[in-house]
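So this one's protein-v2.cif, mmCIF, C-alpha atoms and all ligand atoms:
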data_model
loop_
_atom_site.label_atom_id
_atom_site.label_comp_id
_atom_site.auth_asym_id
_atom_site.auth_seq_id
_atom_site.Cartn_x
_atom_site.Cartn_y
_atom_site.Cartn_z
CA MET A 1 27.08 -4.84 -12.51
CA LYS A 2 26.88 -6.21 -16.05
CA ILE A 3 24.36 -8.32 -17.96
CA GLN A 4 25.82 -11.77 -18.64
CA ALA A 5 22.96 -13.66 -20.26
CA VAL A 6 19.46 -13.05 -21.66
CA GLU A 7 17.27 -16.14 -22.08
CA ALA A 8 13.80 -16.52 -23.60
CA ILE A 9 12.05 -19.55 -22.08
CA TYR A 10 8.99 -20.88 -23.93
CA LEU A 11 6.42 -22.79 -21.84
CA ARG A 12 3.47 -24.53 -23.43
CA LEU A 13 0.61 -26.77 -22.26
CA PRO A 14 0.69 -30.21 -23.92
CA LYS A 15 -2.71 -29.50 -25.54
CA ILE A 16 -3.59 -26.03 -26.86
CA ALA A 17 -7.30 -25.37 -27.44
CA ALA A 18 -8.33 -23.26 -30.47
CA ARG A 19 -9.51 -20.35 -28.31
CA THR A 20 -8.51 -16.70 -27.74
CA ASP A 21 -6.84 -17.80 -24.50
CA SER A 22 -3.27 -16.65 -23.93
CA SER A 23 -3.01 -18.51 -20.62
CA GLN A 24 -2.14 -21.71 -22.50
CA ASP A 25 1.52 -20.85 -23.06
CA ALA A 26 4.03 -18.24 -21.88
CA LEU A 27 7.32 -16.67 -22.83
CA ILE A 28 9.42 -16.02 -19.74
CA VAL A 29 12.51 -13.78 -19.95
CA LYS A 30 15.50 -14.43 -17.68
CA VAL A 31 18.30 -11.84 -17.44
CA THR A 32 21.41 -12.96 -15.52
CA THR A 33 24.02 -10.53 -14.18
CA ASP A 34 27.66 -10.99 -13.13
CA SER A 35 26.64 -10.08 -9.55
CA GLY A 36 24.45 -13.19 -9.34
CA ILE A 37 21.21 -11.18 -9.42
CA ILE A 38 18.65 -12.63 -11.86
CA GLY A 39 15.74 -10.64 -13.25
CA TRP A 40 12.50 -12.16 -14.58
CA GLY A 41 10.13 -10.81 -17.18
CA GLU A 42 7.41 -12.04 -19.50
CA VAL A 43 6.14 -11.32 -23.01
CA ASP A 44 2.47 -11.82 -23.91
CA GLY A 45 2.79 -11.86 -27.67
CA CYS A 46 3.74 -14.61 -30.11
CA PRO A 47 6.15 -16.59 -27.90
CA THR A 48 8.36 -18.10 -30.60
CA VAL A 49 8.59 -14.78 -32.48
CA ALA A 50 9.53 -12.89 -29.30
CA LYS A 51 12.12 -15.60 -28.58
CA ALA A 52 13.58 -15.18 -32.08
CA ILE A 53 13.72 -11.38 -31.68
CA ILE A 54 15.63 -11.77 -28.42
CA GLU A 55 18.01 -14.42 -29.80
CA ALA A 56 18.59 -13.04 -33.34
CA PRO A 57 22.26 -12.39 -34.23
CA TYR A 58 23.59 -9.02 -35.32
CA SER A 59 22.65 -8.26 -38.94
CA HIS A 60 23.45 -4.53 -39.10
CA THR A 61 23.08 -1.45 -36.90
CA LEU A 62 19.31 -1.17 -37.45
CA VAL A 63 18.63 -4.93 -37.38
CA THR A 64 20.00 -6.50 -34.22
CA GLY A 65 18.65 -9.14 -31.83
CA LEU A 66 17.95 -7.81 -28.32
CA ARG A 67 20.26 -10.18 -26.42
CA GLU A 68 23.22 -9.03 -28.51
CA LEU A 69 22.49 -5.41 -27.51
CA LEU A 70 22.32 -6.14 -23.79
CA ILE A 71 25.27 -8.40 -23.01
CA GLY A 72 27.89 -6.41 -21.06
CA GLU A 73 25.50 -3.52 -20.34
CA ASP A 74 24.61 -2.12 -16.91
CA PRO A 75 21.08 -3.48 -16.19
CA LEU A 76 20.25 -0.47 -13.99
CA ASP A 77 20.18 1.82 -17.05
CA VAL A 78 16.61 0.86 -17.94
CA THR A 79 15.64 3.99 -19.92
CA ARG A 80 18.92 4.12 -21.85
CA LEU A 81 18.66 0.41 -22.68
CA TRP A 82 15.03 0.86 -23.88
CA LYS A 83 16.30 3.54 -26.31
CA LYS A 84 19.22 1.35 -27.38
CA MET A 85 16.92 -1.59 -28.16
CA TYR A 86 14.45 0.69 -29.96
CA ASP A 87 17.11 2.34 -32.13
CA HIS A 88 18.91 -0.87 -33.13
CA THR A 89 15.69 -2.61 -34.27
CA LEU A 90 14.26 0.25 -36.36
CA TYR A 91 13.96 -1.67 -39.66
CA TYR A 92 11.83 -4.42 -38.13
CA GLY A 93 10.65 -2.84 -34.86
CA ARG A 94 8.94 0.35 -33.64
CA GLU A 95 5.61 -1.52 -33.11
CA GLY A 96 4.22 -4.97 -32.36
CA ALA A 97 6.42 -7.97 -31.67
CA VAL A 98 9.74 -6.19 -31.16
CA ILE A 99 8.26 -3.74 -28.64
CA GLN A 100 6.57 -6.66 -26.83
CA ALA A 101 9.91 -8.51 -26.62
CA MET A 102 11.53 -5.31 -25.31
CA ALA A 103 8.76 -5.10 -22.69
CA GLY A 104 9.63 -8.55 -21.33
CA ILE A 105 13.27 -7.52 -21.00
CA ASP A 106 12.29 -4.17 -19.45
CA ILE A 107 10.35 -6.00 -16.70
CA ALA A 108 13.39 -8.20 -16.00
CA LEU A 109 15.68 -5.13 -15.82
CA TRP A 110 13.36 -3.44 -13.30
CA ASP A 111 13.34 -6.70 -11.30
CA ILE A 112 17.15 -6.61 -11.24
CA LYS A 113 17.15 -2.94 -10.28
CA GLY A 114 14.79 -3.58 -7.39
CA LYS A 115 16.81 -6.54 -6.14
CA ALA A 116 20.10 -4.60 -6.47
CA LEU A 117 18.75 -1.59 -4.54
CA GLY A 118 16.69 -3.64 -2.06
CA GLN A 119 13.43 -1.94 -3.10
CA PRO A 120 10.14 -3.15 -4.58
CA ILE A 121 9.62 -1.91 -8.14
CA HIS A 122 6.73 0.39 -7.19
CA GLN A 123 9.14 2.28 -4.91
CA LEU A 124 11.53 2.82 -7.84
CA LEU A 125 8.61 4.03 -9.98
CA GLY A 126 7.96 6.86 -7.54
CA GLY A 127 6.28 5.24 -4.55
CA ALA A 128 2.98 3.54 -3.81
CA PHE A 129 -0.38 5.30 -3.80
CA ARG A 130 -1.84 2.10 -2.32
CA ASP A 131 -0.68 -1.23 -0.90
CA ARG A 132 -3.75 -3.18 -2.01
CA VAL A 133 -5.62 -3.28 -5.30
CA ARG A 134 -9.15 -4.52 -5.94
CA VAL A 135 -9.10 -7.42 -8.41
CA TYR A 136 -11.58 -8.71 -10.96
CA ALA A 137 -11.73 -12.37 -11.89
CA SER A 138 -11.12 -12.51 -15.63
CA ASN A 139 -12.70 -15.42 -17.48
CA MET A 140 -13.30 -16.71 -20.97
CA PHE A 141 -16.99 -17.08 -21.78
CA GLN A 142 -17.92 -20.73 -21.46
CA PHE A 143 -19.90 -22.35 -24.27
CA THR A 144 -23.28 -22.17 -22.52
CA PRO A 145 -24.92 -19.51 -20.32
CA GLU A 146 -25.19 -22.09 -17.50
CA ALA A 147 -21.47 -22.93 -17.54
CA THR A 148 -20.63 -19.23 -17.73
CA ALA A 149 -22.90 -18.50 -14.75
CA ALA A 150 -21.15 -21.27 -12.79
CA ARG A 151 -17.84 -19.46 -13.36
CA ALA A 152 -19.42 -16.20 -12.19
CA LYS A 153 -20.77 -17.87 -9.04
CA LYS A 154 -17.36 -19.45 -8.33
CA ALA A 155 -15.70 -16.01 -8.52
CA VAL A 156 -18.25 -14.48 -6.15
CA ASP A 157 -17.90 -17.45 -3.76
CA GLU A 158 -14.14 -16.88 -3.75
CA GLY A 159 -14.70 -13.29 -2.63
CA TYR A 160 -14.28 -11.36 -5.87
CA THR A 161 -16.43 -8.23 -6.10
CA ALA A 162 -15.92 -7.86 -9.85
CA VAL A 163 -15.89 -10.35 -12.69
CA LYS A 164 -15.29 -10.19 -16.43
CA PHE A 165 -16.20 -12.52 -19.28
CA GLY A 166 -14.80 -12.30 -22.76
CA TRP A 167 -14.65 -13.53 -26.31
CA GLU A 168 -16.27 -16.42 -28.13
CA PRO A 169 -19.07 -17.47 -28.31
CA PHE A 170 -20.36 -14.03 -27.18
CA GLY A 171 -21.41 -11.32 -29.62
CA ARG A 172 -22.81 -13.25 -32.56
CA ASP A 173 -26.50 -12.46 -32.03
CA PRO A 174 -28.32 -10.26 -29.52
CA GLN A 175 -30.70 -12.92 -28.16
CA THR A 176 -27.87 -15.30 -27.29
CA ASP A 177 -25.91 -12.42 -25.77
CA LEU A 178 -28.87 -11.52 -23.55
CA ARG A 179 -29.09 -15.12 -22.32
CA PHE A 180 -25.41 -15.04 -21.32
CA LEU A 181 -25.68 -11.69 -19.53
CA GLU A 182 -28.92 -12.66 -17.75
CA ALA A 183 -27.28 -15.86 -16.50
CA ILE A 184 -24.22 -13.96 -15.27
CA ARG A 185 -26.31 -11.31 -13.48
CA ARG A 186 -28.48 -13.98 -11.84
CA ALA A 187 -25.33 -15.67 -10.54
CA THR A 188 -23.63 -12.52 -9.28
CA GLY A 189 -26.56 -10.53 -7.91
CA ASP A 190 -26.62 -6.75 -8.23
CA ALA A 191 -23.72 -5.81 -5.96
CA ILE A 192 -20.95 -7.27 -8.14
CA ASP A 193 -19.31 -5.30 -10.96
CA VAL A 194 -19.59 -7.15 -14.29
CA MET A 195 -17.38 -6.29 -17.26
CA LEU A 196 -17.86 -7.49 -20.80
CA ASP A 197 -14.97 -8.17 -23.21
CA VAL A 198 -16.48 -8.40 -26.69
CA GLY A 199 -13.44 -9.60 -28.61
CA LEU A 200 -13.20 -7.10 -31.50
CA ILE A 201 -16.17 -8.39 -33.53
CA TRP A 202 -18.66 -5.51 -33.79
CA ASP A 203 -18.75 -2.34 -35.87
CA ALA A 204 -19.71 1.00 -34.32
CA LYS A 205 -23.44 0.79 -35.03
CA THR A 206 -23.71 -2.76 -33.68
CA THR A 207 -21.82 -1.69 -30.56
CA ILE A 208 -24.15 1.26 -30.00
CA ARG A 209 -27.26 -0.96 -30.40
CA ARG A 210 -25.89 -3.65 -28.10
CA ALA A 211 -24.68 -1.19 -25.45
CA ARG A 212 -28.20 0.27 -25.28
CA LEU A 213 -29.74 -3.21 -25.17
CA PHE A 214 -27.39 -4.16 -22.30
CA GLU A 215 -27.99 -1.03 -20.17
CA THR A 216 -30.26 -3.01 -17.85
CA PHE A 217 -27.22 -5.13 -16.77
CA ARG A 218 -25.27 -2.00 -15.63
CA LEU A 219 -21.99 -3.23 -17.10
CA ALA A 220 -18.94 -1.61 -15.49
CA TRP A 221 -17.38 -1.43 -18.96
CA ILE A 222 -17.62 -2.85 -22.45
CA GLU A 223 -14.16 -3.83 -23.66
CA GLU A 224 -12.79 -3.90 -27.20
CA PRO A 225 -16.04 -4.12 -29.14
CA LEU A 226 -14.34 -2.88 -32.35
CA HIS A 227 -11.31 -3.79 -34.39
CA PRO A 228 -8.34 -1.90 -32.89
CA ASP A 229 -7.72 -0.03 -36.16
CA ASP A 230 -11.24 1.45 -36.17
CA LEU A 231 -10.46 4.52 -34.06
CA ASP A 232 -13.18 6.62 -35.69
CA GLY A 233 -15.66 3.86 -34.82
CA TYR A 234 -14.51 3.94 -31.18
CA ALA A 235 -15.10 7.69 -31.13
CA ARG A 236 -18.63 7.30 -32.54
CA VAL A 237 -19.40 4.72 -29.84
CA ALA A 238 -17.96 6.95 -27.10
CA ARG A 239 -20.22 9.83 -28.18
CA ALA A 240 -23.34 7.63 -28.34
CA VAL A 241 -23.35 5.40 -25.23
CA GLU A 242 -23.25 5.87 -21.47
CA THR A 243 -21.44 2.62 -20.62
CA PRO A 244 -17.66 3.16 -20.33
CA ILE A 245 -15.63 1.71 -23.22
CA ALA A 246 -12.30 0.03 -22.38
CA ALA A 247 -9.46 -0.81 -24.78
CA GLY A 248 -5.69 -0.92 -25.07
CA GLU A 249 -4.43 -4.49 -24.92
CA GLU A 250 -3.74 -4.48 -28.68
CA GLU A 251 -1.45 -1.46 -28.26
CA CYS A 252 2.16 -1.59 -27.12
CA THR A 253 3.51 1.93 -27.71
CA VAL A 254 2.98 5.38 -26.23
CA ALA A 255 2.00 6.59 -29.72
CA GLY A 256 -0.63 3.84 -30.06
CA PHE A 257 -2.19 4.67 -26.69
CA THR A 258 -2.18 8.38 -27.51
CA ARG A 259 -4.18 7.66 -30.68
CA LEU A 260 -6.58 5.43 -28.75
CA MET A 261 -7.24 8.19 -26.20
CA ASP A 262 -7.26 11.23 -28.50
CA ILE A 263 -8.96 9.81 -31.61
CA GLY A 264 -10.75 6.73 -30.18
CA LYS A 265 -11.90 8.58 -27.02
CA VAL A 266 -11.86 5.42 -24.89
CA ASP A 267 -12.94 5.75 -21.26
CA VAL A 268 -10.70 3.11 -19.63
CA VAL A 269 -7.05 2.65 -20.71
CA GLN A 270 -5.84 -0.96 -20.49
CA VAL A 271 -2.07 -1.46 -20.39
CA ASP A 272 -0.41 -4.88 -20.59
CA LEU A 273 2.96 -4.66 -18.83
CA THR A 274 4.22 -7.65 -20.82
CA ARG A 275 3.64 -5.72 -24.06
CA CYS A 276 4.62 -2.18 -22.96
CA GLY A 277 7.13 -2.66 -20.11
CA PHE A 278 7.26 -0.40 -17.05
CA THR A 279 9.25 2.20 -18.97
CA GLN A 280 6.41 2.97 -21.39
CA ALA A 281 3.52 2.05 -19.06
CA MET A 282 4.33 4.88 -16.65
CA ARG A 283 4.28 7.40 -19.52
CA ILE A 284 0.97 5.98 -20.82
CA ALA A 285 -0.61 6.20 -17.36
CA SER A 286 0.55 9.79 -17.06
CA LEU A 287 -0.98 10.68 -20.46
CA ALA A 288 -4.23 9.01 -19.33
CA GLN A 289 -4.20 10.95 -16.07
CA GLN A 290 -3.77 14.25 -17.95
CA ARG A 291 -6.92 13.36 -19.87
CA GLY A 292 -8.86 12.42 -16.73
CA LEU A 293 -8.93 8.72 -17.63
CA PRO A 294 -8.51 5.70 -15.35
CA CYS A 295 -5.72 3.28 -16.22
CA VAL A 296 -5.93 -0.46 -15.55
CA ASN A 297 -3.79 -3.46 -16.43
CA HIS A 298 -4.35 -6.24 -18.90
CA ASN A 299 -3.20 -9.66 -17.72
CA PHE A 300 -4.13 -13.03 -19.12
CA THR A 301 -0.86 -14.87 -18.49
CA THR A 302 1.18 -15.63 -15.37
CA ASP A 303 1.97 -14.19 -11.95
CA ILE A 304 5.00 -12.40 -13.46
CA ASN A 305 2.53 -10.24 -15.38
CA ALA A 306 0.27 -10.05 -12.31
CA ALA A 307 3.13 -8.89 -10.05
CA ALA A 308 4.31 -6.36 -12.64
CA SER A 309 0.71 -5.11 -12.92
CA LEU A 310 0.45 -4.69 -9.14
CA HIS A 311 3.64 -2.58 -8.95
CA PHE A 312 2.36 -0.47 -11.85
CA LEU A 313 -1.15 -0.02 -10.42
CA ALA A 314 0.32 0.82 -7.00
CA ALA A 315 2.57 3.51 -8.48
CA ILE A 316 0.03 5.48 -10.57
CA PRO A 317 -2.62 7.83 -9.17
CA ASN A 318 -5.32 6.88 -11.71
CA ALA A 319 -5.55 3.09 -11.15
CA PHE A 320 -8.77 1.54 -9.93
CA ILE A 321 -8.89 -2.21 -10.50
CA MET A 322 -6.66 -5.11 -11.56
CA GLU A 323 -7.30 -7.87 -14.08
CA TYR A 324 -6.42 -11.34 -12.82
CA CYS A 325 -6.78 -14.35 -15.12
CA VAL A 326 -8.64 -17.23 -13.43
CA GLU A 327 -8.43 -19.71 -16.30
CA PRO A 328 -7.28 -23.13 -15.02
CA SER A 329 -4.03 -23.43 -17.06
CA GLU A 330 -1.26 -24.63 -14.72
CA ILE A 331 1.24 -22.35 -16.48
CA SER A 332 -0.90 -19.36 -15.64
CA ARG A 333 -1.98 -20.54 -12.18
CA ASN A 334 1.18 -22.08 -10.77
CA LEU A 335 4.24 -20.62 -12.49
CA ALA A 336 5.28 -18.61 -9.45
CA ARG A 337 6.77 -20.39 -6.44
CA ASN A 338 5.69 -17.32 -4.38
CA PRO A 339 2.46 -16.24 -6.10
CA ILE A 340 0.78 -12.90 -5.55
CA LYS A 341 -1.72 -12.91 -2.69
CA ILE A 342 -5.42 -12.28 -3.33
CA GLU A 343 -7.93 -12.42 -0.48
CA GLY A 344 -11.54 -11.37 -0.64
CA GLY A 345 -11.01 -9.99 -4.14
CA ILE A 346 -8.16 -7.72 -2.99
CA ALA A 347 -4.52 -8.23 -4.04
CA ARG A 348 -1.57 -7.24 -1.86
CA VAL A 349 1.09 -5.21 -3.66
CA PRO A 350 4.38 -7.15 -3.27
CA SER A 351 6.79 -5.44 -0.86
CA GLU A 352 9.81 -7.65 -1.53
CA PRO A 353 12.75 -6.23 -3.57
CA GLY A 354 12.13 -6.27 -7.33
CA LEU A 355 8.98 -7.93 -8.68
CA GLY A 356 8.53 -10.09 -5.59
CA VAL A 357 7.67 -13.14 -7.69
CA GLU A 358 10.00 -15.89 -8.92
CA PRO A 359 9.17 -18.76 -11.28
CA ASN A 360 9.10 -22.29 -9.92
CA PRO A 361 11.87 -24.27 -11.71
CA GLU A 362 9.69 -27.42 -11.60
CA ILE A 363 6.92 -25.72 -13.58
CA ILE A 364 9.48 -24.41 -16.08
CA ASP A 365 10.90 -27.91 -16.47
CA LYS A 366 7.45 -29.49 -16.77
CA TYR A 367 6.15 -27.18 -19.52
CA LEU A 368 9.35 -26.21 -21.35
CA ALA A 369 8.70 -26.49 -25.10
CA ARG A 370 11.55 -28.72 -26.20
CA SER A 371 10.99 -28.85 -29.93
MG MG A 401 -9.55 -8.07 -23.35
#
Can you give me the file's structure in the form of structure tokens?
Amino acid sequence: MKIQAVEAIYLRLPKIAARTDSSQDALIVKVTTDSGIIGWGEVDGCPTVAKAIIEAPYSHTLVTGLRELLIGEDPLDVTRLWKKMYDHTLYYGREGAVIQAMAGIDIALWDIKGKALGQPIHQLLGGAFRDRVRVYASNMFQFTPEATAARAKKAVDEGYTAVKFGWEPFGRDPQTDLRFLEAIRRATGDAIDVMLDVGLIWDAKTTIRRARLFETFRLAWIEEPLHPDDLDGYARVARAVETPIAAGEEECTVAGFTRLMDIGKVDVVQVDLTRCGFTQAMRIASLAQQRGLPCVNHNFTTDINAAASLHFLAAIPNAFIMEYCVEPSEISRNLARNPIKIEGGIARVPSEPGLGVEPNPEIIDKYLARS
């Protein structure tokens, strides 16, 4: 079997709000083989940059577009092809956008491998520790405590047992923050796990003060309070507070996650499959397990990411919950023609060959960015 085509498909809502909300567009990767098997992947990065990295022509041995490197290759050689892409992008890669683009291709190659061998991806990763994963409903903060509480109530009414809110306008001043958290707790009651995603805006001392102020809300974790480069700050926070600290979505390499765990001392390791790919994610989860840390996914895009996350979380021993974006974007909500199944806040791990999720051509056609 040989790779015939690699396409980067950019989908975008007609109106994009100025928010930290990556559910408003998507970059879908389609890898076509000469056997007729098609693999699907996704990149949650800068969509047009990832598309350019995939489509770039050959410049020289260390500066090559990813598509060029893959045409004619055997798609089952996922680890060898990861190394080939890494080595032929060294001058502009090694971190960030190139690795994220490679991750989208890696997911598509695993999808092909699963379809070719008639096995779900989690089976190829070593087998499932579980066939269901508890899910938390992941939300943006709304602009008032009341509207945010309504989102929390909706999640609980839909059967979720855990809910997260993140980013603006949270974090600017402690009194406003308390109003948001009180409203959320009133809406959820005490039995629901509540996570807080701060959005990178505090320093270490502010985080320590706020974490102590918020202890009464028994937050399941506080996510990304600090700038991702402030690893010493993360370590100071970890030493000072009881509430678990989660981070990782800004990282896309094994080296980056190793720094986050060993210098930043985070408690919960968050891996986005559409930035790391399965090939790196399994190594990251293993490094987390060695350190006694739980590993979870990050997912604020489509059901391709959600399905990839489920295979990953099924196949690692140290998983405990899955992020599922509940923002109303139709790209995020309805891309898949066979979406993942969540009931009572529990997701079923797909058992079909490959990812088990395929994009709906009508949604691709409707939101394809044509400019
Ligand atoms: Mg986050």
Given 7 Å and all atoms listed in the file, residues near ligand MG 401 (chain A) as JSON, numbers by chain: {"A": [166, 197, 199, 223, 224, 249]}
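The neighbours of Arg370 of chain A here are the residues that come within 10 Å of it, using all atoms listed in the file and leaving out any residue fewer than 3 positions away in the same chain; they are Tyr10, Leu11, Arg12, Asp365 and Tyr367 of chain A.
Between atom CA of Glu250 of chain A and atom CA of Tyr58 of chain A lies a distance of 28.5 Å.
With distances taken over all atoms listed in the file, A:Val198 is the one residue among A:Val198, A:Ile184, A:Ala150, A:Val98 lying closest to Trp167 of chain A.
Atom pair atom CA of Gln142 of chain A / atom CA of Leu313 of chain A: separated by 28.8 Å.
Around the point (20.3, -17.1, -12.3), within 12 Å and counting all atoms listed in the file, we find these residues: Ile3, Gln4, Ala5, Val6, Glu7, Val29, Lys30, Val31, Thr32, Thr33, Asp34, Ser35, Gly36, Ile37, Ile38, Gly39, Trp40, Ala108, Ile112, Glu358, Pro359 and Pro361 of chain A.
Using all atoms listed in the file, the contacts of Pro244 of chain A at a cut-off of 8 Å, with sequence neighbours closer than 2 positions omitted, comprise Ala220, Trp221, Ile222, Ala238, Val241, Glu242, Ala246, Val266, Asp267 and Val268 of chain A.
For the pair atom CA of Met261 of chain A and atom CA of Leu181 of chain A, the interatomic distance is 27.9 Å.
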Neighbour residues at most 8 Å from (-1.0, -15.2, -15.1) (all atoms listed in the file) as a ChimeraX atom specification: /A:23,299-306,324-325,331-333,335
For the selection you just gave me, I'd like the residues written to a file as a PDB file, keeping the file's coordinate frame, keeping C-alpha atoms.
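File produced: out31.pdb:
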ATOM      1  CA  SER A  23      -3.010 -18.510 -20.620  1.00  0.00           C
ATOM      2  CA  ASN A 299      -3.200  -9.660 -17.720  1.00  0.00           C
ATOM      3  CA  PHE A 300      -4.130 -13.030 -19.120  1.00  0.00           C
ATOM      4  CA  THR A 301      -0.860 -14.870 -18.490  1.00  0.00           C
ATOM      5  CA  THR A 302       1.180 -15.630 -15.370  1.00  0.00           C
ATOM      6  CA  ASP A 303       1.970 -14.190 -11.950  1.00  0.00           C
ATOM      7  CA  ILE A 304       5.000 -12.400 -13.460  1.00  0.00           C
ATOM      8  CA  ASN A 305       2.530 -10.240 -15.380  1.00  0.00           C
ATOM      9  CA  ALA A 306       0.270 -10.050 -12.310  1.00  0.00           C
ATOM     10  CA  TYR A 324      -6.420 -11.340 -12.820  1.00  0.00           C
ATOM     11  CA  CYS A 325      -6.780 -14.350 -15.120  1.00  0.00           C
ATOM     12  CA  ILE A 331       1.240 -22.350 -16.480  1.00  0.00           C
ATOM     13  CA  SER A 332      -0.900 -19.360 -15.640  1.00  0.00           C
ATOM     14  CA  ARG A 333      -1.980 -20.540 -12.180  1.00  0.00           C
ATOM     15  CA  LEU A 335       4.240 -20.620 -12.490  1.00  0.00           C
TER      16      LEU A 335
END
Output as a PDB file, keeping the file's coordinate frame: segment 11-32 of chain A, completed with N, CA and C atoms.
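Listed below is the output, rebuild-v5.pdb:
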ATOM      1  N   LEU A  11       7.200 -21.765 -22.538  1.00  0.00           N
ATOM      2  CA  LEU A  11       6.420 -22.790 -21.840  1.00  0.00           C
ATOM      3  C   LEU A  11       5.103 -22.992 -22.580  1.00  0.00           C
ATOM      4  N   ARG A  12       4.651 -24.232 -22.619  1.00  0.00           N
ATOM      5  CA  ARG A  12       3.470 -24.530 -23.430  1.00  0.00           C
ATOM      6  C   ARG A  12       2.743 -25.727 -22.826  1.00  0.00           C
ATOM      7  N   LEU A  13       1.387 -25.606 -22.698  1.00  0.00           N
ATOM      8  CA  LEU A  13       0.610 -26.770 -22.260  1.00  0.00           C
ATOM      9  C   LEU A  13       0.710 -27.859 -23.319  1.00  0.00           C
ATOM     10  N   PRO A  14       0.600 -29.135 -22.926  1.00  0.00           N
ATOM     11  CA  PRO A  14       0.690 -30.210 -23.920  1.00  0.00           C
ATOM     12  C   PRO A  14      -0.408 -30.128 -24.978  1.00  0.00           C
ATOM     13  N   LYS A  15      -1.590 -29.656 -24.583  1.00  0.00           N
ATOM     14  CA  LYS A  15      -2.710 -29.500 -25.540  1.00  0.00           C
ATOM     15  C   LYS A  15      -3.148 -28.039 -25.538  1.00  0.00           C
ATOM     16  N   ILE A  16      -3.168 -27.428 -26.721  1.00  0.00           N
ATOM     17  CA  ILE A  16      -3.590 -26.030 -26.860  1.00  0.00           C
ATOM     18  C   ILE A  16      -4.947 -26.001 -27.553  1.00  0.00           C
ATOM     19  N   ALA A  17      -5.964 -25.467 -26.845  1.00  0.00           N
ATOM     20  CA  ALA A  17      -7.300 -25.370 -27.440  1.00  0.00           C
ATOM     21  C   ALA A  17      -7.347 -24.195 -28.419  1.00  0.00           C
ATOM     22  N   ALA A  18      -8.179 -24.339 -29.474  1.00  0.00           N
ATOM     23  CA  ALA A  18      -8.330 -23.260 -30.470  1.00  0.00           C
ATOM     24  C   ALA A  18      -9.251 -22.190 -29.909  1.00  0.00           C
ATOM     25  N   ARG A  19      -8.742 -21.408 -28.948  1.00  0.00           N
ATOM     26  CA  ARG A  19      -9.510 -20.350 -28.310  1.00  0.00           C
ATOM     27  C   ARG A  19      -8.634 -19.104 -28.193  1.00  0.00           C
ATOM     28  N   THR A  20      -9.272 -17.937 -27.936  1.00  0.00           N
ATOM     29  CA  THR A  20      -8.510 -16.700 -27.740  1.00  0.00           C
ATOM     30  C   THR A  20      -8.044 -16.653 -26.293  1.00  0.00           C
ATOM     31  N   ASP A  21      -7.212 -17.597 -25.898  1.00  0.00           N
ATOM     32  CA  ASP A  21      -6.840 -17.800 -24.500  1.00  0.00           C
ATOM     33  C   ASP A  21      -5.323 -17.839 -24.379  1.00  0.00           C
ATOM     34  N   SER A  22      -4.733 -16.716 -23.991  1.00  0.00           N
ATOM     35  CA  SER A  22      -3.270 -16.650 -23.930  1.00  0.00           C
ATOM     36  C   SER A  22      -2.699 -17.223 -22.641  1.00  0.00           C
ATOM     37  N   SER A  23      -3.543 -17.870 -21.832  1.00  0.00           N
ATOM     38  CA  SER A  23      -3.010 -18.510 -20.620  1.00  0.00           C
ATOM     39  C   SER A  23      -2.456 -19.903 -20.917  1.00  0.00           C
ATOM     40  N   GLN A  24      -2.521 -20.325 -22.178  1.00  0.00           N
ATOM     41  CA  GLN A  24      -2.140 -21.710 -22.500  1.00  0.00           C
ATOM     42  C   GLN A  24      -0.635 -21.878 -22.748  1.00  0.00           C
ATOM     43  N   ASP A  25       0.055 -20.776 -22.952  1.00  0.00           N
ATOM     44  CA  ASP A  25       1.520 -20.850 -23.060  1.00  0.00           C
ATOM     45  C   ASP A  25       2.092 -19.560 -22.495  1.00  0.00           C
ATOM     46  N   ALA A  26       3.408 -19.441 -22.451  1.00  0.00           N
ATOM     47  CA  ALA A  26       4.030 -18.240 -21.880  1.00  0.00           C
ATOM     48  C   ALA A  26       5.452 -18.129 -22.368  1.00  0.00           C
ATOM     49  N   LEU A  27       5.909 -16.902 -22.573  1.00  0.00           N
ATOM     50  CA  LEU A  27       7.320 -16.670 -22.830  1.00  0.00           C
ATOM     51  C   LEU A  27       7.909 -15.911 -21.642  1.00  0.00           C
ATOM     52  N   ILE A  28       8.790 -16.590 -20.925  1.00  0.00           N
ATOM     53  CA  ILE A  28       9.420 -16.020 -19.740  1.00  0.00           C
ATOM     54  C   ILE A  28      10.819 -15.528 -20.128  1.00  0.00           C
ATOM     55  N   VAL A  29      11.185 -14.351 -19.661  1.00  0.00           N
ATOM     56  CA  VAL A  29      12.510 -13.780 -19.950  1.00  0.00           C
ATOM     57  C   VAL A  29      13.348 -13.832 -18.670  1.00  0.00           C
ATOM     58  N   LYS A  30      14.578 -14.327 -18.819  1.00  0.00           N
ATOM     59  CA  LYS A  30      15.500 -14.430 -17.680  1.00  0.00           C
ATOM     60  C   LYS A  30      16.767 -13.650 -18.019  1.00  0.00           C
ATOM     61  N   VAL A  31      17.082 -12.640 -17.222  1.00  0.00           N
ATOM     62  CA  VAL A  31      18.300 -11.840 -17.440  1.00  0.00           C
ATOM     63  C   VAL A  31      19.236 -12.097 -16.250  1.00  0.00           C
ATOM     64  N   THR A  32      20.427 -12.607 -16.552  1.00  0.00           N
ATOM     65  CA  THR A  32      21.410 -12.960 -15.520  1.00  0.00           C
ATOM     66  C   THR A  32      22.525 -11.924 -15.513  1.00  0.00           C
TER      67      THR A  32
END
